[in-house]
$ cat coords38.tsv   # TSV, C-alpha atoms
chain	number	residue	atom	x	y	z
A	1	MET	CA	84.21	-47.95	-18.12
A	2	SER	CA	85.48	-44.82	-16.44
A	3	LEU	CA	83.33	-42.62	-14.25
A	4	SER	CA	84.59	-39.17	-13.39
A	5	LEU	CA	83.30	-37.66	-10.19
A	6	ALA	CA	82.52	-34.32	-11.86
A	7	THR	CA	80.55	-36.07	-14.63
A	8	LEU	CA	78.61	-38.12	-12.08
A	9	GLY	CA	77.85	-34.90	-10.19
A	10	ALA	CA	76.60	-33.20	-13.35
A	11	ILE	CA	74.44	-36.23	-14.23
A	12	LEU	CA	72.93	-36.26	-10.72
A	13	ALA	CA	72.26	-32.50	-10.98
A	14	MET	CA	70.47	-33.11	-14.28
A	15	MET	CA	68.49	-35.97	-12.73
A	16	ALA	CA	67.43	-33.79	-9.79
A	17	ALA	CA	66.47	-30.86	-12.04
A	18	THR	CA	64.50	-33.11	-14.39
A	19	TYR	CA	62.64	-34.94	-11.64
A	20	ALA	CA	61.93	-31.62	-9.96
A	21	CYS	CA	60.12	-30.60	-13.16
A	22	ARG	CA	58.24	-33.90	-13.51
A	23	ALA	CA	57.16	-34.36	-9.89
A	24	GLY	CA	57.47	-30.77	-8.60
A	25	GLY	CA	55.29	-29.40	-11.39
A	26	TYR	CA	52.52	-31.83	-10.46
A	27	LEU	CA	52.81	-31.14	-6.72
A	28	LEU	CA	53.02	-27.36	-7.16
A	29	PHE	CA	50.51	-26.68	-9.91
A	30	THR	CA	47.75	-28.87	-8.51
A	31	ARG	CA	47.91	-26.68	-5.38
A	32	ILE	CA	48.44	-23.27	-6.92
A	33	ARG	CA	47.06	-22.50	-10.35
A	34	PRO	CA	49.69	-20.99	-12.69
A	35	THR	CA	48.69	-17.55	-14.01
A	36	PRO	CA	47.68	-17.41	-17.69
A	37	PHE	CA	50.85	-15.41	-18.38
A	38	LEU	CA	53.14	-18.06	-16.81
A	39	ARG	CA	51.24	-20.76	-18.66
A	40	SER	CA	51.77	-18.87	-21.90
A	41	VAL	CA	55.51	-18.41	-21.23
A	42	LEU	CA	55.94	-22.12	-20.47
A	43	ALA	CA	54.05	-23.09	-23.61
A	44	TYR	CA	56.51	-21.12	-25.78
A	45	ILE	CA	59.61	-22.62	-24.09
A	46	PRO	CA	59.99	-25.80	-26.20
A	47	GLY	CA	60.04	-23.88	-29.50
A	48	GLY	CA	62.42	-21.34	-27.94
A	49	ILE	CA	64.82	-24.05	-26.80
A	50	PHE	CA	64.92	-25.80	-30.15
A	51	MET	CA	65.43	-22.52	-32.08
A	52	SER	CA	68.20	-21.53	-29.65
A	53	TYR	CA	69.95	-24.85	-30.14
A	54	VAL	CA	69.57	-24.92	-33.91
A	55	THR	CA	70.32	-21.32	-34.97
A	56	PRO	CA	73.96	-20.90	-33.80
A	57	ALA	CA	74.75	-24.46	-34.93
A	58	LEU	CA	73.40	-23.76	-38.43
A	59	VAL	CA	75.32	-20.48	-38.71
A	60	HIS	CA	78.49	-22.25	-37.54
A	61	GLY	CA	77.93	-25.32	-39.73
A	62	GLY	CA	77.62	-23.43	-43.03
A	63	LEU	CA	76.29	-24.76	-46.32
A	64	PRO	CA	76.13	-28.51	-45.52
A	65	SER	CA	74.04	-27.75	-42.42
A	66	TRP	CA	71.66	-25.43	-44.25
A	67	ILE	CA	71.06	-28.02	-46.96
A	68	GLY	CA	70.62	-30.65	-44.26
A	69	ALA	CA	68.12	-28.45	-42.43
A	70	ALA	CA	66.09	-27.83	-45.60
A	71	THR	CA	66.10	-31.57	-46.33
A	72	THR	CA	65.02	-32.39	-42.77
A	73	ILE	CA	62.14	-29.90	-42.90
A	74	ALA	CA	60.97	-31.21	-46.29
A	75	ALA	CA	61.23	-34.87	-45.19
A	76	MET	CA	59.45	-34.16	-41.92
A	77	ALA	CA	56.70	-32.07	-43.54
A	78	ILE	CA	56.00	-34.77	-46.13
A	79	THR	CA	56.38	-37.96	-44.08
A	80	ARG	CA	55.81	-36.70	-40.48
A	81	SER	CA	58.35	-39.36	-39.52
A	82	LEU	CA	61.20	-38.58	-37.12
A	83	VAL	CA	63.24	-41.42	-38.61
A	84	ALA	CA	62.94	-40.03	-42.16
A	85	GLY	CA	63.72	-36.49	-40.96
A	86	ILE	CA	66.87	-37.45	-39.07
A	87	PHE	CA	68.13	-39.94	-41.63
A	88	LEU	CA	67.56	-37.91	-44.83
A	89	GLY	CA	68.73	-34.65	-43.24
A	90	THR	CA	71.96	-36.20	-41.95
A	91	ALA	CA	72.54	-38.01	-45.26
A	92	ALA	CA	72.14	-34.72	-47.19
A	93	THR	CA	74.56	-32.92	-44.86
A	94	TRP	CA	77.05	-35.74	-45.18
A	95	ALA	CA	76.78	-35.76	-48.98
A	96	VAL	CA	77.38	-32.00	-49.29
A	97	TRP	CA	80.25	-32.25	-46.79
A	98	LEU	CA	81.90	-35.00	-48.88
A	99	LEU	CA	81.39	-33.14	-52.16
A	100	ARG	CA	82.90	-29.88	-50.97
B	1	MET	CA	34.71	-39.51	-12.69
B	2	SER	CA	32.09	-42.15	-12.12
B	3	GLN	CA	34.36	-45.16	-11.53
B	4	PRO	CA	37.31	-45.14	-9.10
B	5	VAL	CA	40.86	-44.92	-10.42
B	6	THR	CA	42.73	-48.24	-10.32
B	7	PHE	CA	46.35	-49.35	-10.82
B	8	THR	CA	46.41	-52.92	-12.10
B	9	TRP	CA	48.72	-55.35	-13.86
B	10	ALA	CA	46.23	-55.46	-16.74
B	11	GLY	CA	46.49	-51.70	-17.10
B	12	PHE	CA	50.29	-51.92	-17.13
B	13	ARG	CA	50.19	-54.60	-19.85
B	14	GLU	CA	47.78	-52.49	-21.90
B	15	GLY	CA	50.30	-49.64	-21.65
B	16	VAL	CA	53.13	-51.92	-22.83
B	17	ARG	CA	51.00	-52.88	-25.84
B	18	LEU	CA	50.28	-49.20	-26.63
B	19	SER	CA	53.97	-48.28	-26.31
B	20	VAL	CA	55.12	-50.19	-29.41
B	21	PRO	CA	54.59	-47.38	-31.95
B	22	LEU	CA	56.18	-44.90	-29.53
B	23	LEU	CA	59.36	-46.99	-29.36
B	24	ILE	CA	59.94	-46.41	-33.08
B	25	GLY	CA	60.18	-42.69	-32.33
B	26	THR	CA	62.38	-43.18	-29.27
B	27	ALA	CA	64.98	-45.42	-30.92
B	28	PRO	CA	66.58	-43.01	-33.46
B	29	PHE	CA	66.59	-40.20	-30.88
B	30	GLY	CA	68.40	-42.52	-28.43
B	31	ILE	CA	70.99	-43.51	-31.03
B	32	VAL	CA	71.68	-39.83	-31.80
B	33	CYS	CA	72.04	-39.11	-28.09
B	34	GLY	CA	74.56	-41.95	-27.70
B	35	ILE	CA	76.65	-40.73	-30.64
B	36	VAL	CA	76.65	-37.20	-29.19
B	37	ALA	CA	77.59	-38.58	-25.75
B	38	GLN	CA	80.62	-40.28	-27.30
B	39	GLY	CA	81.54	-37.03	-29.06
B	40	ALA	CA	81.28	-35.18	-25.74
B	41	GLY	CA	83.70	-37.66	-24.14
B	42	LEU	CA	81.30	-39.66	-21.94
B	43	SER	CA	82.27	-43.24	-21.13
B	44	TYR	CA	79.88	-46.17	-21.61
B	45	LEU	CA	79.04	-46.13	-17.91
B	46	GLU	CA	78.47	-42.36	-17.91
B	47	THR	CA	76.24	-42.61	-21.00
B	48	PHE	CA	74.27	-45.42	-19.34
B	49	LEU	CA	73.81	-43.46	-16.11
B	50	MET	CA	72.80	-40.26	-17.89
B	51	SER	CA	70.16	-41.93	-20.06
B	52	GLY	CA	68.82	-44.07	-17.22
B	53	LEU	CA	68.73	-41.44	-14.49
B	54	VAL	CA	67.90	-38.25	-16.42
B	55	TYR	CA	65.76	-39.85	-19.15
B	56	ALA	CA	65.09	-36.61	-21.02
B	57	GLY	CA	66.43	-36.57	-24.57
B	58	SER	CA	66.26	-32.86	-25.37
B	59	ALA	CA	67.89	-31.94	-22.05
B	60	GLN	CA	70.65	-34.51	-22.60
B	61	LEU	CA	71.42	-33.20	-26.10
B	62	VAL	CA	71.43	-29.59	-24.90
B	63	ALA	CA	73.72	-30.34	-21.95
B	64	LEU	CA	76.05	-32.47	-24.10
B	65	ALA	CA	76.34	-29.72	-26.72
B	66	THR	CA	78.62	-27.78	-24.37
B	67	TRP	CA	79.87	-30.56	-22.09
B	68	THR	CA	83.16	-29.75	-20.34
B	69	HIS	CA	85.83	-31.84	-18.59
B	70	PRO	CA	85.56	-31.58	-15.65
B	71	ALA	CA	81.78	-31.29	-16.07
B	72	SER	CA	79.85	-28.41	-14.52
B	73	ALA	CA	76.96	-29.60	-12.35
B	74	LEU	CA	75.56	-26.06	-12.25
B	75	ALA	CA	75.51	-25.61	-16.03
B	76	ALA	CA	74.18	-29.12	-16.74
B	77	GLY	CA	71.56	-28.95	-13.99
B	78	PHE	CA	70.33	-25.52	-15.00
B	79	ALA	CA	70.16	-26.47	-18.69
B	80	ALA	CA	68.16	-29.59	-17.78
B	81	PHE	CA	65.82	-27.52	-15.62
B	82	VAL	CA	64.99	-24.98	-18.33
B	83	VAL	CA	64.63	-27.59	-21.08
B	84	ASN	CA	62.31	-29.69	-18.89
B	85	LEU	CA	60.14	-26.88	-17.54
B	86	ARG	CA	57.47	-28.01	-19.99
B	87	LEU	CA	57.16	-31.27	-18.00
B	88	ALA	CA	56.02	-29.21	-15.00
B	89	LEU	CA	52.83	-28.34	-16.85
B	90	MET	CA	52.16	-31.91	-17.95
B	91	GLY	CA	51.81	-33.55	-14.53
B	92	PRO	CA	48.85	-31.43	-13.34
B	93	VAL	CA	46.83	-32.41	-16.44
B	94	LEU	CA	46.92	-36.03	-15.23
B	95	ALA	CA	45.90	-35.02	-11.69
B	96	PRO	CA	42.65	-37.08	-11.82
B	97	TRP	CA	44.91	-40.16	-12.03
B	98	PHE	CA	47.91	-39.01	-9.96
B	99	ASP	CA	45.77	-37.74	-7.07
B	100	ARG	CA	44.58	-41.32	-6.46
B	101	LEU	CA	48.09	-42.87	-6.45
B	102	ARG	CA	50.29	-43.27	-3.40
B	103	GLY	CA	53.94	-44.20	-2.83
B	104	TRP	CA	56.00	-45.90	-5.55
B	105	ARG	CA	53.05	-45.97	-7.96
B	106	LEU	CA	52.98	-42.16	-8.05
B	107	TRP	CA	56.73	-41.54	-8.01
B	108	THR	CA	57.60	-44.09	-10.72
B	109	SER	CA	54.71	-42.92	-12.92
B	110	LEU	CA	56.05	-39.36	-12.70
B	111	PHE	CA	59.61	-40.54	-13.47
B	112	VAL	CA	58.63	-42.21	-16.76
B	113	MET	CA	56.36	-39.36	-17.91
B	114	VAL	CA	57.60	-37.95	-21.23
B	115	ASP	CA	55.81	-36.01	-23.99
B	116	GLN	CA	54.64	-39.00	-26.02
B	117	ASN	CA	53.25	-41.32	-23.33
B	118	TRP	CA	51.79	-38.33	-21.50
B	119	ALA	CA	49.79	-37.40	-24.60
B	120	LEU	CA	48.58	-40.99	-24.88
B	121	ALA	CA	47.58	-41.06	-21.20
B	122	VAL	CA	45.68	-37.76	-21.44
B	123	ARG	CA	43.74	-39.10	-24.40
B	124	ALA	CA	42.93	-42.37	-22.59
B	125	MET	CA	41.93	-40.53	-19.41
B	126	ASN	CA	39.62	-38.20	-21.30
B	127	ALA	CA	38.11	-41.22	-23.05
B	128	GLY	CA	37.19	-42.64	-19.64
B	129	GLU	CA	40.16	-44.93	-18.90
B	130	ARG	CA	40.41	-45.39	-15.13
B	131	ASP	CA	43.49	-47.63	-14.90
B	132	ALA	CA	46.39	-45.28	-14.11
B	133	ALA	CA	49.00	-48.05	-14.55
B	134	GLN	CA	48.80	-47.45	-18.30
B	135	LEU	CA	51.30	-44.56	-18.00
B	136	LEU	CA	53.89	-46.76	-16.27
B	137	GLY	CA	53.16	-49.47	-18.84
B	138	THR	CA	53.98	-47.18	-21.76
B	139	GLY	CA	56.84	-45.55	-19.84
B	140	VAL	CA	58.91	-48.59	-18.84
B	141	PRO	CA	59.44	-49.97	-22.39
B	142	MET	CA	60.24	-46.43	-23.56
B	143	LEU	CA	62.83	-45.98	-20.79
B	144	LEU	CA	64.42	-49.37	-21.55
B	145	THR	CA	64.49	-48.55	-25.28
B	146	TRP	CA	65.98	-45.16	-24.52
B	147	VAL	CA	68.84	-46.62	-22.47
B	148	ALA	CA	69.47	-49.48	-24.93
B	149	THR	CA	69.54	-47.23	-28.02
B	150	SER	CA	71.71	-44.66	-26.22
B	151	MET	CA	74.23	-47.43	-25.59
B	152	LEU	CA	73.94	-48.55	-29.23
B	153	GLY	CA	74.68	-44.97	-30.33
B	154	ARG	CA	77.62	-44.84	-27.93
B	155	VAL	CA	79.00	-48.04	-29.54
B	156	LEU	CA	78.49	-46.58	-33.04
B	157	GLY	CA	80.25	-43.39	-31.97
B	158	ALA	CA	83.18	-45.38	-30.61
B	159	GLY	CA	83.46	-47.33	-33.88
B	160	LEU	CA	83.27	-44.20	-36.05
B	161	ARG	CA	85.31	-41.89	-33.77
B	162	PRO	CA	83.95	-38.82	-35.59
B	163	ALA	CA	85.86	-35.51	-35.47
B	164	PRO	CA	83.93	-32.68	-33.74
B	165	ASP	CA	82.88	-31.19	-37.12
B	166	HIS	CA	81.78	-34.53	-38.60
B	167	PRO	CA	78.40	-34.39	-40.39
B	168	ILE	CA	77.07	-37.28	-38.25
B	169	PHE	CA	76.53	-34.72	-35.49
B	170	PHE	CA	74.00	-33.00	-37.73
B	171	ALA	CA	71.66	-35.78	-36.54
B	172	ALA	CA	71.25	-33.92	-33.22
B	173	LEU	CA	70.25	-30.78	-35.12
B	174	ALA	CA	67.89	-32.85	-37.25
B	175	VAL	CA	66.12	-34.11	-34.10
B	176	PHE	CA	65.40	-30.55	-33.00
B	177	ILE	CA	64.45	-29.38	-36.50
B	178	CYS	CA	61.94	-32.26	-36.66
B	179	MET	CA	60.50	-31.13	-33.33
B	180	LEU	CA	60.22	-27.56	-34.60
B	181	VAL	CA	58.26	-28.82	-37.62
B	182	THR	CA	55.91	-30.69	-35.24
B	183	LEU	CA	55.56	-27.68	-32.91
B	184	TRP	CA	54.88	-25.10	-35.63
B	185	ARG	CA	51.48	-23.50	-35.01
B	186	GLY	CA	51.64	-20.80	-37.68
B	187	ARG	CA	52.46	-17.09	-37.71
B	188	ARG	CA	52.16	-16.64	-33.94
B	189	ASP	CA	55.42	-18.59	-33.56
B	190	VAL	CA	57.44	-16.28	-35.85
B	191	LEU	CA	58.16	-13.64	-33.17
B	192	PRO	CA	59.09	-15.94	-30.23
B	193	TRP	CA	61.15	-18.24	-32.44
B	194	GLY	CA	62.89	-15.31	-34.17
B	195	VAL	CA	63.74	-13.67	-30.85
B	196	ALA	CA	64.98	-17.01	-29.47
B	197	GLY	CA	67.26	-17.60	-32.46
B	198	ALA	CA	68.66	-14.04	-32.45
B	199	VAL	CA	69.30	-13.94	-28.68
B	200	ALA	CA	70.87	-17.43	-28.82
B	201	LEU	CA	73.19	-16.34	-31.64
B	202	LEU	CA	74.24	-13.21	-29.75
B	203	THR	CA	74.73	-15.05	-26.43
B	204	ALA	CA	76.75	-17.80	-28.13
B	205	ARG	CA	79.11	-15.06	-29.40
B	206	LEU	CA	79.35	-13.36	-25.99
B	207	LEU	CA	79.67	-16.54	-23.87
B	208	PRO	CA	81.30	-19.17	-26.10
B	209	HIS	CA	81.67	-22.80	-24.93
B	210	THR	CA	78.77	-22.56	-22.44
B	211	SER	CA	75.13	-23.61	-22.81
B	212	TRP	CA	73.77	-20.27	-21.55
B	213	TYR	CA	72.85	-19.31	-25.13
B	214	ILE	CA	70.12	-21.97	-25.10
B	215	VAL	CA	68.76	-20.80	-21.76
B	216	ALA	CA	68.93	-17.11	-22.75
B	217	GLY	CA	67.34	-17.70	-26.16
B	218	ALA	CA	64.54	-19.87	-24.76
B	219	ILE	CA	63.65	-17.41	-22.00
B	220	ALA	CA	63.83	-14.34	-24.26
B	221	GLY	CA	61.79	-16.02	-27.00
B	222	SER	CA	59.06	-17.36	-24.72
B	223	LEU	CA	58.76	-14.03	-22.85
B	224	ALA	CA	58.49	-12.22	-26.19
B	225	GLY	CA	55.69	-14.54	-27.31
B	226	ALA	CA	53.79	-14.34	-24.02
B	227	ILE	CA	54.09	-10.54	-23.75
B	228	ARG	CA	52.94	-10.14	-27.36
B	229	ASP	CA	49.91	-12.37	-26.66
B	230	ARG	CA	49.03	-10.39	-23.54
B	231	VAL	CA	49.33	-7.00	-25.33
B	232	ARG	CA	47.09	-8.27	-28.13
B	233	ALA	CA	44.49	-9.77	-25.81

$ encode --input "coords38.tsv" --output "structure tokens"
Amino acid sequence: MSLSLATLGAILAMMAATYACRAGGYLLFTRIRPTPFLRSVLAYIPGGIFMSYVTPALVHGGLPSWIGAATTIAAMAITRSLVAGIFLGTAATWAVWLLR
Amino acid sequence: MSQPVTFTWAGFREGVRLSVPLLIGTAPFGIVCGIVAQGAGLSYLETFLMSGLVYAGSAQLVALATWTHPASALAAGFAAFVVNLRLALMGPVLAPWFDRLRGWRLWTSLFVMVDQNWALAVRAMNAGERDAAQLLGTGVPMLLTWVATSMLGRVLGAGLRPAPDHPIFFAALAVFICMLVTLWRGRRDVLPWGVAGAVALLTARLLPHTSWYIVAGAIAGSLAGAIRDRVRA
């Protein structure tokens, strides 16, 4: 049950940044209309974040991760279920990791 | 906009009822986040505070991917800001509801707004729903589930004590890969996603052990997509 001051500070910074997006976005963009360009940039950000997270991790993780990624995509495309995607993808990675 | 916007207990309860299918999606994500929090060296209390106060799964996973001891408030805060920028565009869509709310009703509704219950609220609002408490009603069970499953994941992580290269951590990647599958809109995403991946890879090499690669990749990729769209238009 430890709580480091630096960790608490980082958590509070994350809380402030996140709430600034939730509440600040509403307060700001109901007063000034975002330009179509800004709107377009913001719409591409989620895909950009997820690709940025996934790509270096896959390159670093090697074969088990690639097989896991392919399994996740297949499971997700077929079932559209987050549970199936996470579970089957992780199971495939684990299996390849054990077999190597 | 014929009837006035209300905020009633009945609307809250209707939201709770609607939240049940959403909880099934929240639970595995929360467990993954708890396991990753254990791997990053967060205590039970720290995991509890992060999930309860930040309540943004993608931002938590991104920040935890490069968590340091002592933690960097600047790096964690900036990562959370970039990852959650999408939330800034969601609030204004619900303005017909939010504009009528005052005080705690408005501020708590904004706090519990995430992608899934926002989408549900937009659909209800467009279908003529006037009770704005529905968003808080879907949000509170989701927040409670998020905190509870994060703690469950933290317990699982403590029991397993996985090494940093353990395949269990692939679950965090799987979460994001699932989201990419959901987000995929066809060929228009190839350029922004490709640029994001390439810039992230390069930045991760140049600035190892920081989360700037995610920020750099996301900004480069989304600018590439938006500039391409503007040039074509």

$ residues_around --input "coords38.tsv" --residues "Ala17 of chain A" --least-positions-apart "5" --cutoff "12 Å" --atoms "all atoms listed in the file" --output "ChimeraX atom specification"
/A:10-12,22-25 /B:53-56,59-60,73-85,87-88,111

$ closest_atom_pairs --input "coords38.tsv" --of "chain A" --to "chain B" --cutoff "6 Å" --atoms "only C-alpha atoms" --output "CSV"
residue,atom,partner,partner_atom,distance
A:Met1,CA,B:Leu45,CA,5.5
A:Ser2,CA,B:Ser43,CA,5.9
A:Ala6,CA,B:Ala71,CA,5.2
A:Thr7,CA,B:Ala71,CA,5.1
A:Gly9,CA,B:Ala73,CA,5.8
A:Ala10,CA,B:Ala73,CA,3.8
A:Ile11,CA,B:Met50,CA,5.7
A:Ala13,CA,B:Gly77,CA,4.7
A:Met14,CA,B:Gly77,CA,4.3
A:Met15,CA,B:Val54,CA,4.4
A:Ala17,CA,B:Phe81,CA,4.9
A:Thr18,CA,B:Phe81,CA,5.9
A:Cys21,CA,B:Ala88,CA,4.7
A:Arg22,CA,B:Leu87,CA,5.3
A:Ala23,CA,B:Leu110,CA,5.8
A:Gly25,CA,B:Ala88,CA,3.7
A:Tyr26,CA,B:Gly91,CA,4.5
A:Thr30,CA,B:Pro92,CA,5.6
A:Ser40,CA,B:Ala226,CA,5.4
A:Val41,CA,B:Ser222,CA,5.1
A:Tyr44,CA,B:Ser222,CA,4.7
A:Ile45,CA,B:Ser222,CA,5.3
A:Gly48,CA,B:Ala218,CA,4.1
A:Ile49,CA,B:Ala218,CA,4.7
A:Phe50,CA,B:Phe176,CA,5.6
A:Met51,CA,B:Gly197,CA,5.3
A:Ser52,CA,B:Gly197,CA,4.9
A:Tyr53,CA,B:Ile214,CA,5.8
A:Thr55,CA,B:Gly197,CA,5.4
A:Pro56,CA,B:Leu201,CA,5.1
A:Ile86,CA,B:Ala174,CA,5.1
A:Thr90,CA,B:Ala171,CA,5.4
A:Trp94,CA,B:Pro167,CA,5.2

$ residues_around --input "coords38.tsv" --residues "Pro64 of chain A" --least-positions-apart "2" --cutoff "12 Å" --atoms "only C-alpha atoms" --output "short mmCIF file (atom, residue, chain, number, x, y, z; two decimals) with C-alpha atoms, in the coordinates of the input"
data_model
loop_
_atom_site.label_atom_id
_atom_site.label_comp_id
_atom_site.auth_asym_id
_atom_site.auth_seq_id
_atom_site.Cartn_x
_atom_site.Cartn_y
_atom_site.Cartn_z
CA ALA A 57 74.75 -24.46 -34.93
CA LEU A 58 73.40 -23.76 -38.43
CA VAL A 59 75.32 -20.48 -38.71
CA HIS A 60 78.49 -22.25 -37.54
CA GLY A 61 77.93 -25.32 -39.73
CA GLY A 62 77.62 -23.43 -43.03
CA TRP A 66 71.66 -25.43 -44.25
CA ILE A 67 71.06 -28.02 -46.96
CA GLY A 68 70.62 -30.65 -44.26
CA ALA A 69 68.12 -28.45 -42.43
CA ALA A 70 66.09 -27.83 -45.60
CA THR A 71 66.10 -31.57 -46.33
CA GLY A 89 68.73 -34.65 -43.24
CA THR A 90 71.96 -36.20 -41.95
CA ALA A 91 72.54 -38.01 -45.26
CA ALA A 92 72.14 -34.72 -47.19
CA THR A 93 74.56 -32.92 -44.86
CA TRP A 94 77.05 -35.74 -45.18
CA ALA A 95 76.78 -35.76 -48.98
CA VAL A 96 77.38 -32.00 -49.29
CA TRP A 97 80.25 -32.25 -46.79
CA LEU A 98 81.90 -35.00 -48.88
CA LEU A 99 81.39 -33.14 -52.16
CA ARG A 100 82.90 -29.88 -50.97
CA ASP B 165 82.88 -31.19 -37.12
CA HIS B 166 81.78 -34.53 -38.60
CA PRO B 167 78.40 -34.39 -40.39
CA ILE B 168 77.07 -37.28 -38.25
CA PHE B 169 76.53 -34.72 -35.49
CA PHE B 170 74.00 -33.00 -37.73
#

$ atom_distance --input "coords38.tsv" --atom1 "atom CA of Ala124 of chain B" --atom2 "atom CA of Gly57 of chain B"
24.3 Å

$ atom_distance --input "coords38.tsv" --atom1 "atom CA of Thr79 of chain A" --atom2 "atom CA of Ser19 of chain B"
20.7 Å
